[in-house]
$ cat query38.txt   # compact mmCIF, C-alpha atoms
# COMPACT_ATOMS: atom_id res chain seq x y z
CA PHE A 232 46.92 -117.25 -155.15
CA LYS A 233 49.58 -116.75 -152.48
CA GLY A 234 48.01 -115.82 -149.17
CA GLU A 235 44.40 -116.31 -150.29
CA LYS A 236 43.91 -119.23 -147.89
CA ASP A 237 44.75 -116.99 -144.92
CA ARG A 238 43.11 -113.87 -146.31
CA PHE A 239 39.59 -114.96 -147.20
CA PRO A 240 38.47 -116.31 -143.79
CA LYS A 241 39.53 -112.97 -142.27
CA TYR A 242 37.69 -111.16 -145.06
CA ARG A 243 34.47 -113.13 -144.54
CA ASN A 244 34.58 -112.64 -140.77
CA ALA A 245 35.21 -108.92 -141.12
CA LEU A 246 32.44 -108.49 -143.68
CA GLN A 247 29.93 -110.34 -141.49
CA ARG A 248 30.90 -108.15 -138.53
CA LEU A 249 30.55 -104.94 -140.54
CA GLU A 250 27.18 -105.95 -141.96
CA LYS A 251 25.93 -106.83 -138.49
CA GLU A 252 27.27 -103.80 -136.59
CA LEU A 253 27.08 -100.93 -139.09
CA THR A 254 23.37 -100.78 -139.75
CA THR A 255 22.65 -97.08 -139.07
CA PRO A 256 24.52 -93.75 -139.41
CA GLU A 257 24.69 -93.59 -135.61
CA ALA A 258 26.23 -97.07 -135.42
CA ILE A 259 28.78 -96.14 -138.08
CA ASP A 260 29.76 -92.97 -136.21
CA ASP A 261 30.12 -94.88 -132.95
CA TYR A 262 32.23 -97.56 -134.64
CA GLN A 263 34.49 -94.94 -136.23
CA ASN A 264 35.03 -93.18 -132.90
CA ARG A 265 35.86 -96.41 -131.06
CA ARG A 266 38.36 -97.52 -133.69
CA LEU A 267 39.97 -94.08 -133.95
CA ILE A 268 40.43 -93.93 -130.18
CA GLN A 269 42.12 -97.33 -130.31
CA LEU A 270 44.32 -96.19 -133.20
CA LEU A 271 45.42 -92.96 -131.50
CA ARG A 272 46.29 -94.68 -128.23
CA TYR A 273 48.11 -97.55 -129.96
CA SER A 274 50.10 -95.12 -132.09
CA GLU A 275 51.12 -93.01 -129.11
CA THR A 276 52.22 -96.08 -127.16
CA HIS A 277 54.15 -97.90 -129.89
CA TYR A 278 55.45 -95.20 -132.23
CA PRO A 279 57.84 -92.47 -131.00
CA PHE A 280 57.15 -90.68 -134.30
CA TRP A 281 53.48 -90.28 -133.45
CA LYS A 282 54.04 -89.64 -129.75
CA GLU A 283 56.23 -86.66 -130.63
CA ARG A 284 53.81 -85.39 -133.30
CA PHE A 285 50.80 -85.70 -131.01
CA ALA A 286 52.61 -83.73 -128.31
CA ARG A 287 53.73 -81.05 -130.77
CA HIS A 288 50.20 -80.43 -132.04
CA GLY A 289 48.30 -80.90 -128.76
CA VAL A 290 46.52 -84.15 -129.67
CA ASP A 291 44.76 -85.67 -126.65
CA THR A 292 44.54 -89.44 -127.10
CA THR A 293 42.23 -89.74 -124.06
CA SER A 294 39.57 -87.55 -125.65
CA SER A 295 36.15 -89.03 -126.45
CA LYS A 296 36.14 -86.98 -129.67
CA PRO A 297 38.98 -88.50 -131.75
CA LYS A 298 37.91 -86.81 -134.99
CA VAL A 299 38.46 -83.41 -133.38
CA GLU A 300 41.91 -84.50 -132.22
CA ILE A 301 42.97 -85.93 -135.60
CA ALA A 302 41.97 -82.64 -137.25
CA LYS A 303 44.75 -80.95 -135.28
CA LEU A 304 47.41 -82.92 -137.19
CA PRO A 305 49.03 -81.68 -140.40
CA LEU A 306 48.80 -83.87 -143.48
CA LEU A 307 51.26 -86.76 -143.48
CA THR A 308 53.21 -86.78 -146.75
CA LYS A 309 54.64 -89.70 -148.68
CA ASP A 310 58.12 -88.25 -148.25
CA GLU A 311 57.69 -88.26 -144.46
CA ILE A 312 56.54 -91.88 -144.48
CA ASN A 313 59.40 -93.00 -146.71
CA SER A 314 61.96 -91.02 -144.68
CA ASN A 315 60.70 -92.49 -141.38
CA PHE A 316 59.85 -95.95 -142.71
CA ASN A 317 61.84 -97.91 -140.10
CA ASP A 318 60.38 -95.97 -137.17
CA LEU A 319 56.84 -96.29 -138.49
CA SER A 320 57.10 -100.03 -139.20
CA LYS A 321 58.93 -101.27 -136.09
CA PRO A 322 55.89 -102.86 -134.35
CA TYR A 323 55.37 -105.06 -137.40
CA LYS A 324 58.58 -106.93 -136.60
CA THR A 325 56.54 -108.98 -134.11
CA ILE A 326 54.05 -110.09 -136.77
CA LYS A 327 54.68 -113.55 -138.18
CA LYS A 328 54.09 -112.77 -141.84
CA PRO A 329 54.54 -109.07 -142.62
CA LEU A 330 53.98 -108.16 -146.27
CA ASN A 331 56.02 -105.43 -147.96
CA ARG A 332 53.91 -103.40 -150.35
CA LYS A 333 54.19 -100.24 -152.43
CA THR A 334 51.85 -98.01 -154.37
CA GLY A 335 51.98 -97.81 -158.15
CA GLY A 336 53.47 -94.32 -158.16
CA SER A 337 50.73 -92.78 -160.30
CA SER A 338 51.20 -89.47 -158.47
CA GLY A 339 54.92 -89.51 -159.21
CA ASN A 340 56.11 -90.74 -155.80
CA THR A 341 55.95 -94.41 -154.81
CA LEU A 342 54.91 -95.12 -151.21
CA HIS A 343 56.37 -98.15 -149.41
CA PHE A 344 54.43 -99.68 -146.52
CA ILE A 345 53.93 -102.91 -144.56
CA THR A 346 50.67 -104.79 -144.12
CA ASP A 347 49.47 -108.31 -143.27
CA GLN A 348 46.72 -110.73 -144.25
CA HIS A 349 44.44 -109.53 -141.46
CA SER A 350 44.61 -105.93 -142.70
CA ILE A 351 44.05 -107.03 -146.30
CA GLY A 352 41.00 -109.01 -145.21
CA GLU A 353 39.61 -105.95 -143.41
CA GLN A 354 40.27 -103.82 -146.49
CA MET A 355 38.45 -106.28 -148.75
CA ALA A 356 35.48 -106.33 -146.36
CA VAL A 357 35.18 -102.52 -146.31
CA HIS A 358 35.57 -102.46 -150.10
CA TRP A 359 32.79 -104.93 -150.77
CA ARG A 360 30.45 -103.54 -148.16
CA ALA A 361 30.71 -100.10 -149.79
CA PHE A 362 29.99 -101.54 -153.22
CA SER A 363 27.07 -103.58 -151.91
CA LEU A 364 25.50 -100.34 -150.59
CA LEU A 365 25.74 -99.01 -154.16
CA GLY A 366 23.93 -102.08 -155.47
CA PHE A 367 26.93 -104.02 -156.82
CA GLY A 368 27.51 -107.63 -155.80
CA ARG A 369 30.67 -109.71 -155.59
CA GLY A 370 29.70 -111.60 -158.73
CA ASN A 371 29.24 -108.53 -160.94
CA ARG A 372 31.69 -107.96 -163.77
CA VAL A 373 33.98 -104.97 -163.25
CA ALA A 374 36.44 -102.91 -165.31
CA LYS A 375 39.31 -101.71 -163.12
CA PHE A 376 41.19 -98.56 -164.15
CA TRP A 377 44.34 -98.98 -162.09
CA GLY A 378 48.09 -98.30 -162.14
CA TYR A 379 49.36 -101.72 -163.20
CA GLY A 380 52.48 -100.52 -165.02
CA GLY A 381 55.08 -103.24 -165.50
CA SER A 382 52.88 -105.85 -163.82
CA PHE A 383 50.18 -105.46 -166.47
CA ASN A 384 49.37 -108.67 -168.33
CA PHE A 385 47.25 -108.55 -171.48
CA PHE A 386 46.48 -112.26 -171.11
CA ASN A 387 44.31 -111.51 -168.06
CA ASN A 388 41.94 -109.49 -170.21
CA TRP A 389 41.39 -112.32 -172.65
CA LEU A 390 40.07 -114.24 -169.64
CA SER A 391 37.89 -111.36 -168.41
CA PRO A 392 34.59 -112.87 -169.68
CA ILE A 393 35.40 -115.88 -167.48
CA ILE A 394 36.97 -114.33 -164.37
CA GLY A 395 34.71 -111.24 -164.39
CA SER A 396 37.47 -108.63 -164.01
CA LEU A 397 38.86 -106.41 -166.75
CA TYR A 398 42.20 -104.69 -166.01
CA LEU A 399 42.86 -101.35 -167.71
CA ASP A 400 46.27 -99.76 -167.13
CA SER A 401 45.81 -96.09 -166.17
CA PHE A 402 49.52 -95.49 -166.76
CA ASP A 403 48.78 -95.60 -170.47
CA CYS A 404 45.79 -93.46 -171.41
CA SER A 405 46.79 -92.92 -175.02
CA PRO A 406 44.05 -92.86 -177.68
CA GLN A 407 45.35 -96.19 -179.01
CA SER A 408 45.06 -97.79 -175.57
CA MET A 409 41.59 -96.38 -174.95
CA ALA A 410 40.41 -97.69 -178.31
CA ARG A 411 41.60 -101.11 -177.16
CA TRP A 412 39.78 -100.62 -173.84
CA VAL A 413 36.54 -100.01 -175.72
CA ARG A 414 36.93 -103.33 -177.57
CA TRP A 415 37.66 -105.17 -174.33
CA ILE A 416 34.73 -103.54 -172.51
CA ASN A 417 32.35 -104.47 -175.33
CA ARG A 418 33.64 -108.03 -175.11
CA SER A 419 33.62 -108.36 -171.32
CA LYS A 420 30.47 -106.25 -170.66
CA PRO A 421 31.29 -105.08 -167.10
CA VAL A 422 28.46 -103.91 -164.86
CA TYR A 423 30.49 -101.06 -163.38
CA PHE A 424 33.79 -99.19 -163.69
CA TYR A 425 36.15 -98.73 -160.76
CA GLY A 426 39.53 -96.99 -160.38
CA TYR A 427 41.46 -93.74 -160.52
CA ALA A 428 39.19 -90.73 -161.05
CA SER A 429 41.75 -89.17 -163.44
CA ALA A 430 41.82 -92.24 -165.70
CA LEU A 431 38.03 -92.56 -165.63
CA HIS A 432 37.71 -88.86 -166.52
CA GLN A 433 40.09 -89.21 -169.48
CA PHE A 434 38.28 -92.29 -170.71
CA ALA A 435 34.88 -90.60 -170.37
CA ASN A 436 36.15 -87.65 -172.43
CA TYR A 437 37.52 -90.02 -175.06
CA CYS A 438 34.20 -91.86 -175.32
CA SER A 439 32.29 -88.58 -175.52
CA GLU A 440 34.56 -87.27 -178.32
CA GLN A 441 34.24 -90.55 -180.23
CA ASP A 442 30.48 -90.76 -179.61
CA ILE A 443 30.92 -94.14 -177.88
CA THR A 444 28.26 -95.53 -175.54
CA PHE A 445 28.02 -98.81 -173.64

$ encode --input "query38.txt" --output "structure tokens"
Amino acid sequence: FKGEKDRFPKYRNALQRLEKELTTPEAIDDYQNRRLIQLLRYSETHYPFWKERFARHGVDTTSSKPKVEIAKLPLLTKDEINSNFNDLSKPYKTIKKPLNRKTGGSSGNTLHFITDQHSIGEQMAVHWRAFSLLGFGRGNRVAKFWGYGGSFNFFNNWLSPIIGSLYLDSFDCSPQSMARWVRWINRSKPVYFYGYASALHQFANYCSEQDITF
């Protein structure tokens, strides 16, 4: 897969760091505060958008209580991000391999953003650490209820017993599709379900109405 060679070492390093440092609620709180302070100060220094917003809402980036300061800010909307995309992404022009990404648009409004392999590795580490705390391992089979849309490929699901991942397109929650999901789940036998709460809720209702259990 493109980028996997660069991504996985960063993922492994990040996961090892998280597992070593975040061992207690107090350690987690301390880690969150330190990272939030770094984020606030970096944003104020590099982004005029955030410098202006912090000043407007009285956010003190030197405070030792960053969660209190962030609470002063209004919610940032997708429309604001899309309208100010160039201003919010300027620092990434210095990164060697920026990656343009967008959300699936399941809420009706697609969000465009920029990331890199380091950030993806960090995201994967947080993802798997959270699941490990719930008792799920990286080798467990999973059914993913996600917004695949036009990128959805039925062929992937024929390989699910081998690759361990079952992909269920939440953009199509019709009874016909959910009946097909049931067949695929019975074939793949995932250990856990993961994805959009709305799609999982619809599927749970469908299974309840059809008296389906796994």

$ residues_around --input "query38.txt" --residues "Phe424 in chain A" --least-positions-apart "2" --cutoff "8 Å" --atoms "all atoms listed in the file" --output "PyMOL selection string"
chain A and resi 373-376+421-422+426

$ residues_around --input "query38.txt" --residues "Phe280 in chain A" --least-positions-apart "4" --cutoff "12 Å" --atoms "only C-alpha atoms" --output "MDAnalysis selection string"
chainID A and resid 274:276 284:287 307 311:312 314:321

$ residues_around --input "query38.txt" --residues "Asp347 in chain A" --least-positions-apart "5" --cutoff "8 Å" --atoms "only C-alpha atoms" --output "ChimeraX atom specification"
/A:328-330

$ closest_atom_pairs --input "query38.txt" --of "range 270-366 of chain A" --to "range 258-264 of chain A" --cutoff "12 Å" --atoms "all atoms listed in the file" --output "CSV"
residue,atom,partner,partner_atom,distance
A:Leu270,CA,A:Asn264,CA,9.8
A:Leu271,CA,A:Asn264,CA,10.5
A:Thr292,CA,A:Asn264,CA,11.8
A:Thr293,CA,A:Asn264,CA,11.9
A:Ser294,CA,A:Asn264,CA,10.2
A:Ser295,CA,A:Asn264,CA,7.8
A:Lys296,CA,A:Asn264,CA,7.1
A:Pro297,CA,A:Asn264,CA,6.2
A:Lys298,CA,A:Asn264,CA,7.3
A:Val299,CA,A:Asn264,CA,10.4
A:Glu300,CA,A:Asn264,CA,11.1
A:Ile301,CA,A:Asn264,CA,11.1

$ write_last_selection --input "query38.txt" --atoms "C-alpha atoms" --output "PDB file, in the coordinates of the input"
ATOM      1  CA  LEU A 270      44.320 -96.190-133.200  1.00  0.00           C
ATOM      2  CA  LEU A 271      45.420 -92.960-131.500  1.00  0.00           C
ATOM      3  CA  THR A 292      44.540 -89.440-127.100  1.00  0.00           C
ATOM      4  CA  THR A 293      42.230 -89.740-124.060  1.00  0.00           C
ATOM      5  CA  SER A 294      39.570 -87.550-125.650  1.00  0.00           C
ATOM      6  CA  SER A 295      36.150 -89.030-126.450  1.00  0.00           C
ATOM      7  CA  LYS A 296      36.140 -86.980-129.670  1.00  0.00           C
ATOM      8  CA  PRO A 297      38.980 -88.500-131.750  1.00  0.00           C
ATOM      9  CA  LYS A 298      37.910 -86.810-134.990  1.00  0.00           C
ATOM     10  CA  VAL A 299      38.460 -83.410-133.380  1.00  0.00           C
ATOM     11  CA  GLU A 300      41.910 -84.500-132.220  1.00  0.00           C
ATOM     12  CA  ILE A 301      42.970 -85.930-135.600  1.00  0.00           C
TER      13      ILE A 301
END

$ atom_distance --input "query38.txt" --atom1 "CA of Ile345 in chain A" --atom2 "CA of Lys309 in chain A"
13.9 Å

$ atom_distance --input "query38.txt" --atom1 "CA of Arg265 in chain A" --atom2 "CA of Leu365 in chain A"
25.4 Å

$ closest_residue --input "query38.txt" --among "A:Asn313, A:Gln407, A:Asn436, A:Thr254" --to "Leu342 in chain A" --atoms "only C-alpha atoms"
A:Asn313

$ closest_residue --input "query38.txt" --among "A:Leu304, A:Leu246, A:Leu364, A:Leu431" --to "Ser401 in chain A" --atoms "only C-alpha atoms"
A:Leu431

$ atom_distance --input "query38.txt" --atom1 "CA of Leu399 in chain A" --atom2 "CA of Tyr379 in chain A"
7.9 Å

$ closest_residue --input "query38.txt" --among "A:Arg411, A:Glu250, A:Arg243, A:Phe402" --to "Ser363 in chain A" --atoms "only C-alpha atoms"
A:Glu250

$ closest_residue --input "query38.txt" --among "A:Pro305, A:Asp403, A:Arg360, A:Arg272" --to "His288 in chain A" --atoms "all atoms listed in the file"
A:Pro305

$ closest_residue --input "query38.txt" --among "A:Arg248, A:Phe445, A:Ile268, A:Asp310" --to "Trp415 in chain A" --atoms "all atoms listed in the file"
A:Phe445

$ build_atoms --input "query38.txt" --residues "range 247-258 of chain A" --atoms "all heavy atoms" --output "mmCIF file, keeping the file's coordinate frame"
data_model
loop_
_atom_site.group_PDB
_atom_site.id
_atom_site.type_symbol
_atom_site.label_atom_id
_atom_site.label_comp_id
_atom_site.auth_asym_id
_atom_site.auth_seq_id
_atom_site.Cartn_x
_atom_site.Cartn_y
_atom_site.Cartn_z
ATOM 1 N N GLN A 247 31.098 -109.980 -142.298
ATOM 2 C CA GLN A 247 29.930 -110.340 -141.490
ATOM 3 C C GLN A 247 29.793 -109.412 -140.291
ATOM 4 O O GLN A 247 28.686 -109.002 -139.938
ATOM 5 C CB GLN A 247 30.057 -111.800 -141.036
ATOM 6 C CG GLN A 247 29.892 -112.806 -142.156
ATOM 7 C CD GLN A 247 30.232 -114.221 -141.725
ATOM 8 O OE1 GLN A 247 30.617 -114.464 -140.584
ATOM 9 N NE2 GLN A 247 30.103 -115.169 -142.644
ATOM 10 N N ARG A 248 30.936 -109.047 -139.674
ATOM 11 C CA ARG A 248 30.900 -108.150 -138.530
ATOM 12 C C ARG A 248 30.424 -106.761 -138.937
ATOM 13 O O ARG A 248 29.593 -106.143 -138.258
ATOM 14 C CB ARG A 248 32.288 -108.064 -137.890
ATOM 15 C CG ARG A 248 32.290 -107.279 -136.579
ATOM 16 C CD ARG A 248 33.677 -107.081 -136.016
ATOM 17 N NE ARG A 248 34.451 -106.140 -136.799
ATOM 18 C CZ ARG A 248 35.474 -106.461 -137.578
ATOM 19 N NH1 ARG A 248 35.854 -107.720 -137.697
ATOM 20 N NH2 ARG A 248 36.129 -105.535 -138.248
ATOM 21 N N LEU A 249 30.941 -106.262 -140.070
ATOM 22 C CA LEU A 249 30.550 -104.940 -140.540
ATOM 23 C C LEU A 249 29.059 -104.895 -140.884
ATOM 24 O O LEU A 249 28.358 -103.934 -140.563
ATOM 25 C CB LEU A 249 31.378 -104.544 -141.759
ATOM 26 C CG LEU A 249 32.862 -104.270 -141.515
ATOM 27 C CD1 LEU A 249 33.565 -104.003 -142.839
ATOM 28 C CD2 LEU A 249 33.055 -103.103 -140.563
ATOM 29 N N GLU A 250 28.583 -105.918 -141.565
ATOM 30 C CA GLU A 250 27.180 -105.950 -141.960
ATOM 31 C C GLU A 250 26.256 -106.045 -140.763
ATOM 32 O O GLU A 250 25.125 -105.552 -140.785
ATOM 33 C CB GLU A 250 26.943 -107.113 -142.926
ATOM 34 C CG GLU A 250 27.608 -106.912 -144.288
ATOM 35 C CD GLU A 250 27.435 -108.109 -145.208
ATOM 36 O OE1 GLU A 250 27.196 -109.219 -144.674
ATOM 37 O OE2 GLU A 250 27.559 -107.943 -146.429
ATOM 38 N N LYS A 251 26.740 -106.669 -139.699
ATOM 39 C CA LYS A 251 25.930 -106.830 -138.490
ATOM 40 C C LYS A 251 25.947 -105.571 -137.640
ATOM 41 O O LYS A 251 24.907 -105.161 -137.094
ATOM 42 C CB LYS A 251 26.443 -108.017 -137.671
ATOM 43 C CG LYS A 251 25.654 -108.281 -136.397
ATOM 44 C CD LYS A 251 26.209 -109.486 -135.649
ATOM 45 C CE LYS A 251 25.427 -109.752 -134.374
ATOM 46 N NZ LYS A 251 25.962 -110.920 -133.624
ATOM 47 N N GLU A 252 27.120 -104.934 -137.510
ATOM 48 C CA GLU A 252 27.270 -103.800 -136.590
ATOM 49 C C GLU A 252 26.894 -102.460 -137.213
ATOM 50 O O GLU A 252 26.315 -101.606 -136.549
ATOM 51 C CB GLU A 252 28.712 -103.725 -136.086
ATOM 52 C CG GLU A 252 29.131 -104.886 -135.204
ATOM 53 C CD GLU A 252 30.541 -104.704 -134.671
ATOM 54 O OE1 GLU A 252 31.090 -103.595 -134.819
ATOM 55 O OE2 GLU A 252 31.081 -105.668 -134.114
ATOM 56 N N LEU A 253 27.225 -102.257 -138.489
ATOM 57 C CA LEU A 253 27.080 -100.930 -139.090
ATOM 58 C C LEU A 253 25.778 -100.823 -139.862
ATOM 59 O O LEU A 253 25.739 -100.768 -141.091
ATOM 60 C CB LEU A 253 28.283 -100.647 -139.994
ATOM 61 C CG LEU A 253 29.659 -100.853 -139.343
ATOM 62 C CD1 LEU A 253 30.760 -100.401 -140.274
ATOM 63 C CD2 LEU A 253 29.738 -100.118 -138.012
ATOM 64 N N THR A 254 24.691 -100.764 -139.128
ATOM 65 C CA THR A 254 23.370 -100.780 -139.750
ATOM 66 C C THR A 254 22.723 -99.401 -139.837
ATOM 67 O O THR A 254 21.755 -99.221 -140.574
ATOM 68 C CB THR A 254 22.433 -101.724 -138.971
ATOM 69 O OG1 THR A 254 22.425 -101.326 -137.593
ATOM 70 C CG2 THR A 254 22.934 -103.169 -139.062
ATOM 71 N N THR A 255 23.222 -98.427 -139.067
ATOM 72 C CA THR A 255 22.650 -97.080 -139.070
ATOM 73 C C THR A 255 23.786 -96.046 -139.081
ATOM 74 O O THR A 255 24.923 -96.363 -138.707
ATOM 75 C CB THR A 255 21.784 -96.837 -137.816
ATOM 76 O OG1 THR A 255 22.622 -96.864 -136.652
ATOM 77 C CG2 THR A 255 20.702 -97.904 -137.699
ATOM 78 N N PRO A 256 23.489 -94.802 -139.478
ATOM 79 C CA PRO A 256 24.520 -93.750 -139.410
ATOM 80 C C PRO A 256 25.093 -93.586 -138.008
ATOM 81 O O PRO A 256 26.290 -93.329 -137.838
ATOM 82 C CB PRO A 256 23.775 -92.500 -139.871
ATOM 83 C CG PRO A 256 22.678 -93.015 -140.745
ATOM 84 C CD PRO A 256 22.255 -94.315 -140.113
ATOM 85 N N GLU A 257 24.238 -93.731 -136.987
ATOM 86 C CA GLU A 257 24.690 -93.590 -135.610
ATOM 87 C C GLU A 257 25.655 -94.719 -135.237
ATOM 88 O O GLU A 257 26.673 -94.490 -134.555
ATOM 89 C CB GLU A 257 23.504 -93.599 -134.652
ATOM 90 C CG GLU A 257 22.584 -92.401 -134.758
ATOM 91 C CD GLU A 257 21.667 -92.459 -135.982
ATOM 92 O OE1 GLU A 257 21.512 -93.566 -136.552
ATOM 93 O OE2 GLU A 257 21.139 -91.401 -136.362
ATOM 94 N N ALA A 258 25.359 -95.919 -135.701
ATOM 95 C CA ALA A 258 26.230 -97.070 -135.420
ATOM 96 C C ALA A 258 27.578 -96.907 -136.115
ATOM 97 O O ALA A 258 28.621 -97.261 -135.561
ATOM 98 C CB ALA A 258 25.549 -98.359 -135.856
#
